[in-house]
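Novice: As input, take run29.cif (mmCIF, C-alpha atoms):
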```cif
data_protein
loop_
_atom_site.label_atom_id
_atom_site.label_comp_id
_atom_site.auth_asym_id
_atom_site.auth_seq_id
_atom_site.Cartn_x
_atom_site.Cartn_y
_atom_site.Cartn_z
CA MET A 1 48.60 21.40 -22.26
CA TYR A 2 45.83 22.06 -19.73
CA LYS A 3 43.22 20.46 -21.98
CA TYR A 4 45.34 17.31 -22.14
CA PHE A 5 45.70 17.37 -18.35
CA PHE A 6 41.94 17.89 -18.00
CA ARG A 7 41.19 14.81 -20.13
CA LEU A 8 43.84 12.74 -18.41
CA VAL A 9 43.19 13.69 -14.77
CA PHE A 10 40.25 15.95 -13.95
CA LYS A 11 37.76 14.31 -16.30
CA ARG A 12 38.35 10.99 -14.53
CA LEU A 13 37.57 12.49 -11.13
CA ASP A 14 34.21 13.32 -9.61
CA PRO A 15 33.64 17.00 -10.53
CA GLU A 16 33.39 18.16 -6.91
CA GLN A 17 36.51 16.18 -5.96
CA ALA A 18 38.37 17.71 -8.91
CA HIS A 19 37.27 21.18 -7.84
CA HIS A 20 38.59 20.72 -4.31
CA LEU A 21 41.87 19.30 -5.62
CA ALA A 22 42.46 22.13 -8.09
CA PHE A 23 41.45 24.80 -5.59
CA ARG A 24 43.83 23.33 -3.02
CA TRP A 25 46.71 23.58 -5.50
CA ILE A 26 45.81 27.19 -6.29
CA ARG A 27 45.75 28.12 -2.60
CA LEU A 28 49.04 26.37 -1.92
CA ALA A 29 50.74 28.16 -4.83
CA ALA A 30 49.50 31.50 -3.54
CA ARG A 31 51.20 30.87 -0.20
CA VAL A 32 54.70 30.52 -1.69
CA PRO A 33 56.15 34.02 -2.19
CA VAL A 34 58.46 33.44 -5.17
CA LEU A 35 56.05 31.08 -6.90
CA ARG A 36 53.01 33.34 -6.56
CA THR A 37 54.98 36.32 -7.89
CA PHE A 38 56.07 34.34 -10.93
CA LEU A 39 52.57 32.97 -11.56
CA ALA A 40 50.94 36.38 -11.20
CA ALA A 41 53.41 37.86 -13.69
CA ALA A 42 52.68 35.06 -16.16
CA LEU A 43 48.93 34.66 -15.64
CA ALA A 44 47.79 38.15 -14.63
CA PRO A 45 49.70 40.74 -16.69
CA ARG A 46 48.21 44.22 -16.43
CA HIS A 47 46.77 46.13 -19.38
CA LYS A 48 46.47 49.82 -18.49
CA GLU A 49 43.78 50.37 -21.11
CA LEU A 50 41.50 47.89 -19.32
CA ARG A 51 41.49 49.71 -15.98
CA THR A 52 37.91 49.96 -14.84
CA GLU A 53 35.94 52.05 -12.39
CA ALA A 54 32.67 50.54 -11.25
CA LEU A 55 30.57 50.73 -8.10
CA GLY A 56 32.88 53.50 -6.92
CA LEU A 57 35.77 51.02 -7.00
CA ARG A 58 38.93 50.89 -9.11
CA MET A 59 39.93 47.60 -10.70
CA HIS A 60 42.77 46.47 -12.96
CA GLY A 61 40.17 45.27 -15.45
CA PRO A 62 36.53 44.29 -15.83
CA PHE A 63 36.90 40.51 -15.53
CA GLY A 64 36.01 38.77 -12.28
CA LEU A 65 35.31 35.39 -10.77
CA ALA A 66 31.62 34.67 -10.28
CA ALA A 67 30.26 33.45 -6.97
CA GLY A 68 30.28 29.70 -6.38
CA PHE A 69 33.95 28.87 -6.82
CA ASP A 70 35.24 30.28 -3.52
CA LYS A 71 32.25 29.87 -1.26
CA ASN A 72 34.07 30.48 2.02
CA ALA A 73 36.67 33.18 1.23
CA VAL A 74 39.58 30.78 1.53
CA GLY A 75 41.32 31.42 -1.82
CA ILE A 76 40.96 35.09 -2.74
CA ASP A 77 44.71 35.63 -3.24
CA GLY A 78 44.95 32.51 -5.37
CA MET A 79 42.20 33.62 -7.71
CA ALA A 80 43.70 37.10 -8.02
CA MET A 81 47.00 35.42 -8.86
CA LEU A 82 45.24 33.77 -11.80
CA GLY A 83 44.11 37.09 -13.22
CA PHE A 84 40.67 37.78 -11.81
CA ASP A 85 40.24 41.53 -11.25
CA HIS A 86 37.49 40.99 -8.72
CA VAL A 87 36.54 37.90 -6.76
CA GLU A 88 32.98 37.31 -5.62
CA ILE A 89 32.84 34.88 -2.73
CA GLY A 90 29.83 32.90 -1.58
CA THR A 91 27.01 32.29 -1.70
CA VAL A 92 27.16 32.71 2.10
CA THR A 93 24.11 32.00 4.26
CA GLY A 94 23.14 33.15 7.73
CA GLU A 95 23.89 29.74 9.21
CA PRO A 96 26.41 27.05 8.18
CA GLN A 97 24.94 24.32 6.02
CA PRO A 98 26.29 21.23 4.25
CA GLY A 99 24.29 21.73 1.08
CA ASN A 100 22.45 19.06 -0.83
CA PRO A 101 23.40 15.37 -0.85
CA LYS A 102 26.18 14.29 -3.19
CA GLN A 103 26.49 13.80 -6.17
CA ARG A 104 25.49 17.38 -6.83
CA LEU A 105 27.86 18.64 -9.53
CA PHE A 106 27.92 17.32 -13.10
CA ARG A 107 30.05 18.12 -16.15
CA LEU A 108 28.43 18.35 -19.56
CA VAL A 109 31.74 18.27 -21.42
CA LYS A 110 30.30 18.21 -24.94
CA ASP A 111 28.32 21.34 -24.10
CA ARG A 112 31.12 23.03 -22.13
CA ALA A 113 28.62 23.32 -19.30
CA LEU A 114 27.96 22.32 -15.71
CA ILE A 115 24.86 21.34 -13.78
CA ASN A 116 24.98 21.97 -10.06
CA ARG A 117 22.58 21.51 -7.20
CA MET A 118 25.09 22.32 -4.49
CA GLY A 119 22.53 24.00 -2.25
CA PHE A 120 24.64 26.84 -0.83
CA ASN A 121 27.09 24.61 1.04
CA ASN A 122 29.16 27.03 3.11
CA ASP A 123 30.61 27.79 6.55
CA GLY A 124 27.98 30.41 7.42
CA SER A 125 28.25 34.17 7.63
CA LEU A 126 29.81 34.30 11.12
CA ARG A 127 32.83 32.17 10.17
CA VAL A 128 33.24 33.75 6.75
CA ALA A 129 33.14 37.23 8.31
CA ALA A 130 35.83 36.23 10.80
CA ARG A 131 37.95 34.88 7.95
CA LEU A 132 37.62 38.10 5.98
CA ALA A 133 38.38 40.18 9.08
CA SER A 134 41.62 38.31 9.73
CA ARG A 135 42.76 38.25 6.11
CA THR A 136 46.15 39.74 5.29
CA PRO A 137 45.97 40.14 1.52
CA VAL A 138 48.93 39.46 -0.74
CA PHE A 139 47.00 40.61 -3.80
CA LYS A 140 44.23 43.14 -3.57
CA PRO A 141 41.39 42.38 -5.94
CA VAL A 142 37.97 43.86 -5.28
CA VAL A 143 36.11 41.37 -3.09
CA GLY A 144 32.38 40.98 -3.47
CA VAL A 145 30.28 39.02 -0.99
CA ASN A 146 27.25 37.12 -2.26
CA ILE A 147 24.60 36.28 0.36
CA GLY A 148 21.63 33.93 0.22
CA LYS A 149 18.93 32.34 2.34
CA THR A 150 19.64 29.51 4.77
CA LYS A 151 17.70 26.48 3.53
CA VAL A 152 15.88 25.71 6.79
CA VAL A 153 14.71 29.30 7.21
CA PRO A 154 11.09 29.63 6.04
CA GLU A 155 10.36 32.07 3.25
CA GLU A 156 8.50 34.44 5.59
CA GLU A 157 11.66 34.79 7.72
CA ALA A 158 14.02 35.26 4.78
CA VAL A 159 14.52 39.00 5.29
CA ALA A 160 15.86 38.52 8.83
CA ASP A 161 18.20 35.79 7.60
CA TYR A 162 19.65 38.02 4.87
CA VAL A 163 19.94 40.93 7.31
CA LYS A 164 21.94 38.76 9.70
CA SER A 165 24.44 37.94 6.95
CA ALA A 166 24.57 41.55 5.75
CA GLU A 167 25.31 42.84 9.26
CA ARG A 168 28.16 40.38 9.67
CA LEU A 169 29.69 40.65 6.20
CA ALA A 170 29.13 44.22 4.98
CA PRO A 171 32.07 45.66 6.96
CA TYR A 172 34.45 43.41 4.98
CA ALA A 173 32.81 43.54 1.54
CA ASP A 174 33.84 45.84 -1.28
CA TYR A 175 30.35 45.18 -2.58
CA LEU A 176 27.42 43.05 -1.45
CA VAL A 177 25.16 40.86 -3.61
CA VAL A 178 21.69 39.61 -2.71
CA ASN A 179 21.24 36.24 -4.40
CA VAL A 180 17.57 35.46 -4.96
CA SER A 181 18.06 33.42 -8.11
CA SER A 182 19.65 30.07 -7.31
CA PRO A 183 17.33 27.19 -8.25
CA ASN A 184 18.74 24.95 -5.52
CA THR A 185 17.16 26.46 -2.40
CA PRO A 186 13.41 25.83 -2.21
CA GLY A 187 11.36 29.02 -2.49
CA LEU A 188 14.38 31.26 -3.10
CA ARG A 189 13.37 32.36 -6.59
CA ASN A 190 10.01 33.51 -5.26
CA LEU A 191 11.93 36.39 -3.70
CA GLN A 192 12.57 37.82 -7.19
CA ALA A 193 8.96 39.00 -7.32
CA THR A 194 9.05 42.74 -6.73
CA GLU A 195 6.60 42.64 -3.82
CA ALA A 196 9.02 40.35 -1.97
CA LEU A 197 12.21 41.86 -3.35
CA ARG A 198 11.47 45.46 -2.34
CA PRO A 199 11.40 44.88 1.46
CA LEU A 200 14.32 42.45 1.24
CA LEU A 201 16.63 44.85 -0.58
CA SER A 202 15.56 47.77 1.60
CA ALA A 203 16.32 45.80 4.77
CA VAL A 204 19.72 44.65 3.50
CA ARG A 205 20.57 48.22 2.48
CA GLU A 206 19.72 49.46 5.97
CA ALA A 207 21.73 46.67 7.59
CA ALA A 208 24.80 47.41 5.47
CA ASP A 209 24.58 51.12 6.23
CA ARG A 210 24.17 50.44 9.93
CA THR A 211 27.15 48.10 10.29
CA ALA A 212 29.53 49.64 7.75
CA SER A 213 28.80 53.24 8.65
CA ALA A 214 32.22 54.58 7.62
CA ARG A 215 31.46 54.00 3.93
CA ARG A 216 28.61 53.07 1.65
CA VAL A 217 28.87 49.42 0.59
CA PRO A 218 27.52 49.00 -2.98
CA LEU A 219 24.52 46.67 -3.12
CA LEU A 220 23.59 44.50 -6.11
CA VAL A 221 20.98 41.84 -6.83
CA LYS A 222 21.59 38.70 -8.89
CA ILE A 223 18.71 37.53 -11.08
CA ALA A 224 17.84 34.38 -13.00
CA PRO A 225 17.82 34.03 -16.80
CA ASP A 226 14.46 32.28 -16.49
CA LEU A 227 12.57 35.45 -15.57
CA ALA A 228 9.97 36.53 -18.10
CA ASP A 229 10.85 39.74 -19.93
CA GLU A 230 8.25 41.73 -18.03
CA ASP A 231 9.73 40.51 -14.75
CA VAL A 232 13.22 41.56 -15.87
CA ASP A 233 11.75 45.01 -16.54
CA ALA A 234 10.11 45.06 -13.11
CA VAL A 235 13.39 44.21 -11.35
CA ALA A 236 15.19 46.88 -13.38
CA ASP A 237 12.60 49.50 -12.40
CA LEU A 238 12.78 48.45 -8.77
CA ALA A 239 16.56 48.68 -8.76
CA VAL A 240 16.38 52.25 -10.03
CA GLU A 241 13.61 53.14 -7.58
CA LEU A 242 15.58 51.84 -4.59
CA GLY A 243 18.87 53.37 -5.70
CA LEU A 244 20.48 49.97 -6.04
CA ASP A 245 24.06 50.01 -7.26
CA GLY A 246 23.85 47.15 -9.70
CA ILE A 247 22.30 44.01 -11.16
CA ILE A 248 24.14 40.79 -11.95
CA ALA A 249 22.71 39.05 -15.00
CA THR A 250 22.46 36.12 -14.81
CA ASN A 251 22.53 33.12 -12.51
CA THR A 252 22.15 29.52 -13.73
CA THR A 253 19.09 28.28 -15.61
CA ILE A 254 16.65 25.47 -14.96
CA ALA A 255 15.87 25.31 -18.70
CA ARG A 256 16.99 22.33 -20.77
CA GLU A 257 14.77 22.45 -23.85
CA GLY A 258 15.77 24.59 -26.80
CA LEU A 259 19.43 24.80 -25.76
CA GLY A 260 20.69 22.18 -28.22
CA LEU A 261 22.42 20.15 -25.52
CA LYS A 262 24.61 17.35 -26.87
CA SER A 263 25.64 15.58 -23.69
CA ASP A 264 24.37 12.27 -22.34
CA PRO A 265 20.58 12.67 -21.86
CA THR A 266 20.92 11.11 -18.40
CA LEU A 267 23.19 13.96 -17.36
CA VAL A 268 21.06 16.58 -19.05
CA LYS A 269 18.06 15.45 -16.99
CA GLU A 270 19.85 16.01 -13.68
CA THR A 271 18.09 18.67 -11.61
CA GLY A 272 19.88 21.86 -10.70
CA GLY A 273 21.19 24.99 -12.35
CA LEU A 274 22.79 24.76 -15.77
CA SER A 275 25.74 27.07 -16.41
CA GLY A 276 28.27 27.49 -19.16
CA ALA A 277 28.06 27.91 -22.93
CA PRO A 278 24.35 26.98 -23.38
CA LEU A 279 23.41 29.95 -21.17
CA LYS A 280 25.22 32.46 -23.40
CA ASN A 281 22.37 33.69 -25.58
CA ARG A 282 19.73 34.13 -22.89
CA SER A 283 22.11 35.87 -20.49
CA LEU A 284 23.07 38.27 -23.25
CA GLU A 285 19.39 38.93 -24.04
CA VAL A 286 18.63 39.71 -20.39
CA LEU A 287 21.64 42.02 -20.20
CA ARG A 288 20.58 43.93 -23.31
CA ARG A 289 17.07 44.31 -21.95
CA LEU A 290 18.34 45.60 -18.62
CA TYR A 291 20.62 48.16 -20.23
CA ALA A 292 17.85 49.38 -22.51
CA ARG A 293 15.77 49.89 -19.37
CA VAL A 294 18.29 51.41 -16.95
CA GLY A 295 21.06 52.79 -19.15
CA ASP A 296 23.98 54.12 -17.13
CA ARG A 297 21.98 54.72 -13.97
CA ILE A 298 23.17 51.50 -12.35
CA THR A 299 26.07 49.13 -12.95
CA LEU A 300 25.36 45.92 -14.83
CA VAL A 301 27.49 42.79 -14.44
CA GLY A 302 27.36 40.26 -17.26
CA VAL A 303 27.80 36.59 -16.40
CA GLY A 304 26.63 33.31 -17.90
CA GLY A 305 28.27 31.51 -20.80
CA ILE A 306 31.34 33.74 -21.07
CA GLU A 307 34.04 31.54 -22.57
CA ASN A 308 36.46 33.91 -24.30
CA ALA A 309 37.35 37.53 -24.92
CA GLU A 310 34.76 37.88 -27.69
CA ASP A 311 31.99 36.81 -25.29
CA ALA A 312 33.24 39.32 -22.71
CA TRP A 313 33.43 42.07 -25.34
CA GLN A 314 29.87 41.38 -26.48
CA ARG A 315 28.68 41.72 -22.86
CA ILE A 316 30.41 45.08 -22.58
CA LEU A 317 28.82 46.30 -25.82
CA ALA A 318 25.47 45.08 -24.47
CA GLY A 319 25.78 47.18 -21.30
CA ALA A 320 28.01 45.35 -18.82
CA THR A 321 30.62 47.42 -17.03
CA LEU A 322 31.91 44.25 -15.37
CA VAL A 323 31.91 40.66 -16.58
CA GLN A 324 32.31 37.43 -14.63
CA GLY A 325 33.03 33.81 -15.40
CA TYR A 326 33.26 30.44 -13.69
CA SER A 327 32.23 27.40 -15.75
CA ALA A 328 34.65 28.02 -18.63
CA PHE A 329 37.50 28.19 -16.11
CA ILE A 330 36.98 24.47 -15.55
CA TYR A 331 37.53 23.76 -19.24
CA GLU A 332 40.12 26.46 -20.07
CA GLY A 333 42.38 26.30 -17.04
CA PRO A 334 44.83 28.76 -15.47
CA PHE A 335 45.64 30.76 -18.63
CA TRP A 336 41.99 31.70 -19.10
CA GLY A 337 42.17 35.07 -17.35
CA ARG A 338 45.31 36.02 -19.32
CA ALA A 339 43.58 35.17 -22.60
CA ILE A 340 40.47 37.18 -21.69
CA HIS A 341 42.51 40.27 -20.84
CA LYS A 342 44.73 40.03 -23.90
CA GLY A 343 41.72 39.56 -26.16
CA LEU A 344 39.79 42.44 -24.62
CA ALA A 345 42.76 44.77 -25.01
CA ALA A 346 43.07 43.77 -28.67
CA ARG A 347 39.39 44.36 -29.34
CA LEU A 348 39.44 47.73 -27.65
CA ALA A 349 42.49 48.75 -29.68
CA THR A 350 40.74 48.01 -32.99
CA SER A 351 37.38 49.45 -31.92
CA PRO A 352 36.12 53.02 -32.38
CA TYR A 353 36.10 53.49 -28.59
CA ALA A 354 38.83 55.28 -26.67
CA THR A 355 38.09 53.46 -23.40
CA LEU A 356 36.15 50.45 -22.15
CA ALA A 357 33.71 52.85 -20.50
CA ASP A 358 32.91 54.30 -23.92
CA ALA A 359 32.10 50.81 -25.22
CA VAL A 360 29.66 49.92 -22.44
CA GLY A 361 26.18 49.62 -23.97
CA ALA A 362 27.28 50.90 -27.38
CA ASP A 363 25.39 48.22 -29.32
CA VAL A 364 22.17 48.86 -27.42
CA ARG A 365 22.43 52.61 -27.89
CA LYS A 366 22.80 52.13 -31.65
CA THR A 367 19.45 50.35 -31.84
CA ALA A 368 17.60 52.60 -29.40
#
```
Could you express the structure from this file as structure tokens?
Specialist:
Amino acid sequence: MYKYFFRLVFKRLDPEQAHHLAFRWIRLAARVPVLRTFLAAALAPRHKELRTEALGLRMHGPFGLAAGFDKNAVGIDGMAMLGFDHVEIGTVTGEPQPGNPKQRLFRLVKDRALINRMGFNNDGSLRVAARLASRTPVFKPVVGVNIGKTKVVPEEEAVADYVKSAERLAPYADYLVVNVSSPNTPGLRNLQATEALRPLLSAVREAADRTASARRVPLLVKIAPDLADEDVDAVADLAVELGLDGIIATNTTIAREGLGLKSDPTLVKETGGLSGAPLKNRSLEVLRRLYARVGDRITLVGVGGIENAEDAWQRILAGATLVQGYSAFIYEGPFWGRAIHKGLAARLATSPYATLADAVGADVRKTA
């Protein structure tokens, strides 16, 4: 039914307009007590065997919403209602910014993919922090906060910009993510180099500890799939050295060649980050490499090209304790989270593993 509705309505709308329309409906539904209870029961049934502990946090399951959908923390309850066990908001920057000029979001329907060059459009860390502080949750998913660099801030001042956001947002975050891997902010990916990443992560860690002194806020870094293998290894080693809590693998890709894209070549040539199904193989490769390097010392989050329960299961076997999705939600609709959970529970039941935790990294350990 949703796929018919997508072809009939959403496909005819500008992708960004369709996003705002759908998100508005989700938020409205979450504000109606009887309706949200009914929808949560239908779309987010609990499977006890999927309960997950990660980053010192307890979750109903391992499946979460990746950053980018709810940039400003305006629809957390709505996304939890749809079955996401954790919701990562953002990317949030130190200062408000409108993002890049429109049109900046493109559907590659034949490839079940998106290209975006949104440019971190968001309300800024001060307003988002105030929104989180005043939130009265109906549902209580784990809430991650993804922070990035304000576009107008020069690269040499990036650390101070991230620190400003961390100071404002850490008190309200269940975990904090440093995003240095979006391709849509000039110079941002340069911060993935370890000589730049080390002082940045250290400063954000200190800021989080200083402003959320009553507890330790887990800190993660999100990396690009376009990193060379040796750079993936370097980030993994740095994460262990700094005592980082986790790595999110991966963000969108700037690659186009070798992905077998079938969509209109004009669309394929649009600049920006490509997400969705074509990213699946490389994201899985990066995840496997990270787990082989760090093992169980830090938490890995698998994201990029996850369309169904089998994709999520393969990420878990490759070393992910948590998995995230976004692009496939556009194509699968509101029953997506339910299908992922049901499929994961079925795979766990027929596997040789007693718990999801036992399955994490099992495929990589077999080949070690």
Novice: Evaluate the PyMOL selection byres ((chain A and resi 356) around 8) against this structure - the residues, as a VMD selection string, please.
Specialist: chain A and resid 49 to 50 52 316 348 353 to 355 357 to 360
Novice: Taking only C-alpha atoms into account, which of A:Glu307, A:Pro15, A:Leu279, A:Tyr291 comes nearest A:Ile254?
Specialist: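 Among the listed residues, the smallest separation from A:Ile254 belongs to A:Leu279.
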Novice: Using all atoms listed in the file, which residues sit within 8 Å of stretch 127-140 of chain A once same-chain residues fewer than 5 positions away are excluded, as a PyMOL selection string?
Specialist: chain A and resi 72-74+77+80-81+92+168-169+172
Novice: Tell me, in Å to one decimal, how far atom CA of A:Phe106 is from atom CA of A:Ile340.
Specialist: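 Taking atom CA of A:Phe106 and atom CA of A:Ile340, their separation equals 25.0 Å.
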Novice: Using the chain letters and numbers from the file, which residues does the PyMOL selection byres ((chain A and resi 96) around 6) grab, as a VMD selection string?
Specialist: chain A and resid 95 97 122 to 124
Novice: Which residues would end up in the selection if the PyMOL selection byres ((chain A and resi 228) around 12) were applied here, given that I need the answer as a list in words?
Specialist: Gln192, Ala193, Ile223, Ala224, Pro225, Asp226, Leu227, Asp229, Glu230, Asp231, Val232, Asp233, Ala234, Val235, Arg282, Glu285, Val286 and Arg289 of chain A
Novice: Of the residues A:Pro186, A:Gly325, A:Gly343, A:Gly56, which is the one nearest to A:Trp313, using all atoms listed in the file?
Specialist: A:Gly343
Novice: Compile the contact shell of A:Asp363 as an mmCIF file with C-alpha atoms, keeping the file's coordinate frame: residues with an atom at most 8 Å away, counting only C-alpha atoms, same-chain residues fewer than 4 positions apart removed.
Specialist:
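Contents of the output file result_10.cif:
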```cif
data_model
loop_
_atom_site.group_PDB
_atom_site.id
_atom_site.type_symbol
_atom_site.label_atom_id
_atom_site.label_comp_id
_atom_site.auth_asym_id
_atom_site.auth_seq_id
_atom_site.Cartn_x
_atom_site.Cartn_y
_atom_site.Cartn_z
ATOM 1 C CA LEU A 317 28.820 46.300 -25.820
ATOM 2 C CA ALA A 318 25.470 45.080 -24.470
ATOM 3 C CA THR A 367 19.450 50.350 -31.840
#
```
Novice: Tell me which of A:Ser182, A:Ala368, A:Lys342, A:Ala54 sits closest to A:Asp245, counting all atoms listed in the file.
Specialist: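 Result for the nearest residue to A:Asp245: A:Ala54.
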Novice: For A:Phe84, work out the shell of residues within 12 Å, counting only C-alpha atoms and skipping chain neighbours fewer than 3 positions away, then give it as JSON, numbers by chain.
Specialist: {"A": [40, 43, 44, 45, 46, 59, 60, 61, 62, 63, 64, 65, 66, 75, 76, 77, 78, 79, 80, 81, 87, 88, 139, 140, 141, 142, 143, 322, 323, 324, 325, 326, 329, 334, 335, 336, 337, 338, 339, 340, 341]}
Novice: One decimal, in Å: what's the spacing between atom CA of A:Gly243 and atom CA of A:Arg293?
Specialist: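 Atom CA of A:Arg293 lies at a distance of 14.4 Å from atom CA of A:Gly243.
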Novice: Calculate how many Å separate atom CA of A:Val109 from atom CA of A:Lys262, rounding to one decimal.
Specialist: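 Computing the Euclidean distance for atom CA of A:Val109 and atom CA of A:Lys262 yields 9.0 Å.
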Novice: Quick one: of A:Leu114, A:Ile247, A:Val159, A:Ile306, who's nearest to A:Leu261, counting all atoms listed in the file?
Specialist: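 When distances to A:Leu261 are compared using all atoms listed in the file, the smallest one comes from A:Leu114.
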Novice: Neighbours of A:Ala207 within 10 Å (only C-alpha atoms; same-chain residues fewer than 6 positions away dropped), as a PDB file with C-alpha atoms, in the coordinates of the input?
Specialist:
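This went into part35.pdb:
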```pdb
ATOM      1  CA  TYR A 162      19.650  38.020   4.870  1.00  0.00           C
ATOM      2  CA  VAL A 163      19.940  40.930   7.310  1.00  0.00           C
ATOM      3  CA  LYS A 164      21.940  38.760   9.700  1.00  0.00           C
ATOM      4  CA  SER A 165      24.440  37.940   6.950  1.00  0.00           C
ATOM      5  CA  ALA A 166      24.570  41.550   5.750  1.00  0.00           C
ATOM      6  CA  GLU A 167      25.310  42.840   9.260  1.00  0.00           C
ATOM      7  CA  ARG A 168      28.160  40.380   9.670  1.00  0.00           C
ATOM      8  CA  ALA A 170      29.130  44.220   4.980  1.00  0.00           C
ATOM      9  CA  LEU A 201      16.630  44.850  -0.580  1.00  0.00           C
ATOM     10  CA  SER A 213      28.800  53.240   8.650  1.00  0.00           C
TER      11      SER A 213
END
```
Novice: Which is closest to A:Asn121 among A:Gly68, A:Gly99, A:Pro278, A:Gly94, if we use only C-alpha atoms?
Specialist: A:Gly99
Novice: For a quick check of understanding, using all atoms listed in the file, which of A:Gly361, A:Pro218, A:Gly148, A:Gly246 has the smallest distance to A:Leu284?
Specialist: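 Residue with the minimum atom-to-atom distance to A:Leu284: A:Gly361.
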Novice: Can I get C-alpha atoms for stretch 33-69 of chain A, as a PDB file, in the first residue's frame?
Specialist:
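Saved result, part.pdb, follows:
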```
ATOM      1  CA  PRO A  33      -2.670  10.166  22.557  1.00  0.00           C
ATOM      2  CA  VAL A  34      -4.969   7.371  21.337  1.00  0.00           C
ATOM      3  CA  LEU A  35      -3.586   7.430  17.803  1.00  0.00           C
ATOM      4  CA  ARG A  36       0.070   7.311  18.839  1.00  0.00           C
ATOM      5  CA  THR A  37      -0.612   4.410  21.218  1.00  0.00           C
ATOM      6  CA  PHE A  38      -2.310   2.453  18.446  1.00  0.00           C
ATOM      7  CA  LEU A  39       0.441   3.235  15.926  1.00  0.00           C
ATOM      8  CA  ALA A  40       3.219   2.332  18.340  1.00  0.00           C
ATOM      9  CA  ALA A  41       1.536  -1.006  19.080  1.00  0.00           C
ATOM     10  CA  ALA A  42       1.217  -1.734  15.362  1.00  0.00           C
ATOM     11  CA  LEU A  43       4.526  -0.346  14.112  1.00  0.00           C
ATOM     12  CA  ALA A  44       6.870  -0.815  17.072  1.00  0.00           C
ATOM     13  CA  PRO A  45       6.110  -4.166  18.750  1.00  0.00           C
ATOM     14  CA  ARG A  46       8.794  -5.222  21.222  1.00  0.00           C
ATOM     15  CA  HIS A  47      10.903  -8.353  20.842  1.00  0.00           C
ATOM     16  CA  LYS A  48      12.549  -9.199  24.173  1.00  0.00           C
ATOM     17  CA  GLU A  49      15.297 -11.180  22.463  1.00  0.00           C
ATOM     18  CA  LEU A  50      16.443  -8.036  20.627  1.00  0.00           C
ATOM     19  CA  ARG A  51      17.070  -5.968  23.757  1.00  0.00           C
ATOM     20  CA  THR A  52      20.459  -4.366  23.395  1.00  0.00           C
ATOM     21  CA  GLU A  53      23.020  -2.790  25.675  1.00  0.00           C
ATOM     22  CA  ALA A  54      25.461  -0.452  23.990  1.00  0.00           C
ATOM     23  CA  LEU A  55      27.418   2.622  25.046  1.00  0.00           C
ATOM     24  CA  GLY A  56      26.292   1.918  28.597  1.00  0.00           C
ATOM     25  CA  LEU A  57      22.679   2.388  27.469  1.00  0.00           C
ATOM     26  CA  ARG A  58      19.748  -0.017  27.312  1.00  0.00           C
ATOM     27  CA  MET A  59      17.616  -0.115  24.182  1.00  0.00           C
ATOM     28  CA  HIS A  60      14.609  -2.132  23.048  1.00  0.00           C
ATOM     29  CA  GLY A  61      16.616  -3.227  20.017  1.00  0.00           C
ATOM     30  CA  PRO A  62      19.634  -2.366  17.885  1.00  0.00           C
ATOM     31  CA  PHE A  63      17.869  -0.465  15.097  1.00  0.00           C
ATOM     32  CA  GLY A  64      17.981   3.323  15.020  1.00  0.00           C
ATOM     33  CA  LEU A  65      17.325   6.313  12.815  1.00  0.00           C
ATOM     34  CA  ALA A  66      20.466   7.805  11.311  1.00  0.00           C
ATOM     35  CA  ALA A  67      21.206  11.510  11.535  1.00  0.00           C
ATOM     36  CA  GLY A  68      19.772  13.716   8.806  1.00  0.00           C
ATOM     37  CA  PHE A  69      16.067  12.972   9.076  1.00  0.00           C
TER      38      PHE A  69
END
```
